[in-house]
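Engineer: Encoded as structure tokens, here's the structure I'll be asking about.
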Amino acid sequence: MRSFLVTRFAAAMLLFGAIHPVQAQVKPTPSDTTKKYANPGGVSAPSNKPFLKSKLFKAVAIPAVLITYGAITAQGDAGINHDARTFVQKQFRPVNTMIDNTVIFLPYVELGAVALAGVESRNDRINTLLIIAKGEAIMLASTFAVKYLANETRPNGADNLSFPSGHTAQAFLAASIVHTEFRDKSQWYGVGAYTIATSVAALRMINDKHWQSDVVAGAGFGILSAHLAYLSHRNRWGRKSIGRDVSMTPSYFGNGASGVSISWRPSK
């Protein structure tokens with residue numbers, strides 16, 4: 001009996017010895033805390049957009065094409081410039097240059113009229129004025145710098161400040177701002193503004209003030225100036241509405257008198 005118990009005890013000890021080393025080698029895997037707070041929400045990190053889809057590329061793509069085309073075809077009375085001038089002179093007669101100097105600001109008139117009619121623009125009044133001021137500064141500085149560097153003679157020989165067209169740049173700057181401010185309401189505001197700007201470019205050629213290369217490049221400088229003004233604007237005056245609730249309606253006052261009624265409700 002004693003030998004049987006010793007034998008059973010020895011067998012149990014051998015079995016325990018065979019199992020224990022295996023258990024000793026298996027250790028619980030410690031939890032990884034090195035990246036515990038790297039992304040607690042589980043949101044994937046935003047990836048950088050390709051340059052072709054960036055705001056900067058979208059802002060400069062079309063103006064760059066227009067300016068490049070104008071620079072390539074700026075050959076004085078030769079090539080496409082000669083052909084375009086010949087065609088315009090055959091089809092149209094010069095008009096009063098005062099029209100050129102007036103029409104360039106009509107897109108701004110449209111901007112003010114639409115705002116007074118109660119259509120809410122993208123930015124409030126103060127920020128829109130800041131963007132206009134910034135765009136005007138960029139446009140004037142860039143166009144006049146290029147004018148003096150290019151030293152291109154006008155078709156009528158008046159001076160050597162032909163390239164690019166400042167009038168066209170001014171008109172397309174204003175048109176681009178109108179389009180940006182009201183495109184969420186209706187694309188037709190932009191269509192009207194760009195139609196006015198295109199007529200300015202045509203008038204400059206009809207009055208023999210600019211070559212076709214000048215007006216195409218001028219359009220590019222105007223659009224680019226507007227886009228750069230928006231890109232560099234951080235809306236420092238906030239996004240609260242300032243004088244947005246302005247409306248203008250025709251009114252009849254009796255005794256044959258009529259006029260316009262303007263109402264304004266200040267924002268809280």
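Here, A, B, ... name the chains of the structure tokens in the order displayed, residue numbers run from 1 inside each chain, and ligands are numbered from 1 in the same displayed order.
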Which residues, written as a ChimeraX atom specification, have at least one atom at most 12 Å from A:Ser232, with only C-alpha atoms counted and residues fewer than 2 positions away on the same chain left out?
Structural biologist: /A:55-56,59,130-131,134-135,138,225-230,234-236
Engineer: When you draw a straight line from atom CA of A:Leu224 to atom CA of A:Leu161, how long is it in Å?
Structural biologist: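 Going from atom CA of A:Leu224 over to atom CA of A:Leu161 covers 20.1 Å.
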Engineer: Taking the chain letters and numbering used in this document, name the residues of stretch 33-256 of chain A that DSSP puts in helix (DSSP H, G or I), as a PyMOL selection string.
Structural biologist: chain A and resi 51-53+55-73+79-91+97-103+106-116+125-150+166-182+188-206+212-231
Engineer: A:Val215, A:Ala141, A:Met205, A:Phe221: which is nearest A:Gln91, counting only C-alpha atoms?
Structural biologist: A:Met205
Engineer: Counting only C-alpha atoms, figure out which residue out of A:Ser199, A:Ile104, A:His210, A:Pro94 gets nearest to A:Ala158.
Structural biologist: A:His210
Engineer: Tell me, in Å to one decimal, how far atom CA of A:Glu181 is from atom CA of A:Ser213.
Structural biologist: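 It comes out at 28.6 Å.
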Engineer: Could you state the separation of atom CA of A:Asp208 and atom CA of A:Gly157 in Å, given to one decimal place?
Structural biologist: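 Those two atoms sit 9.4 Å apart.
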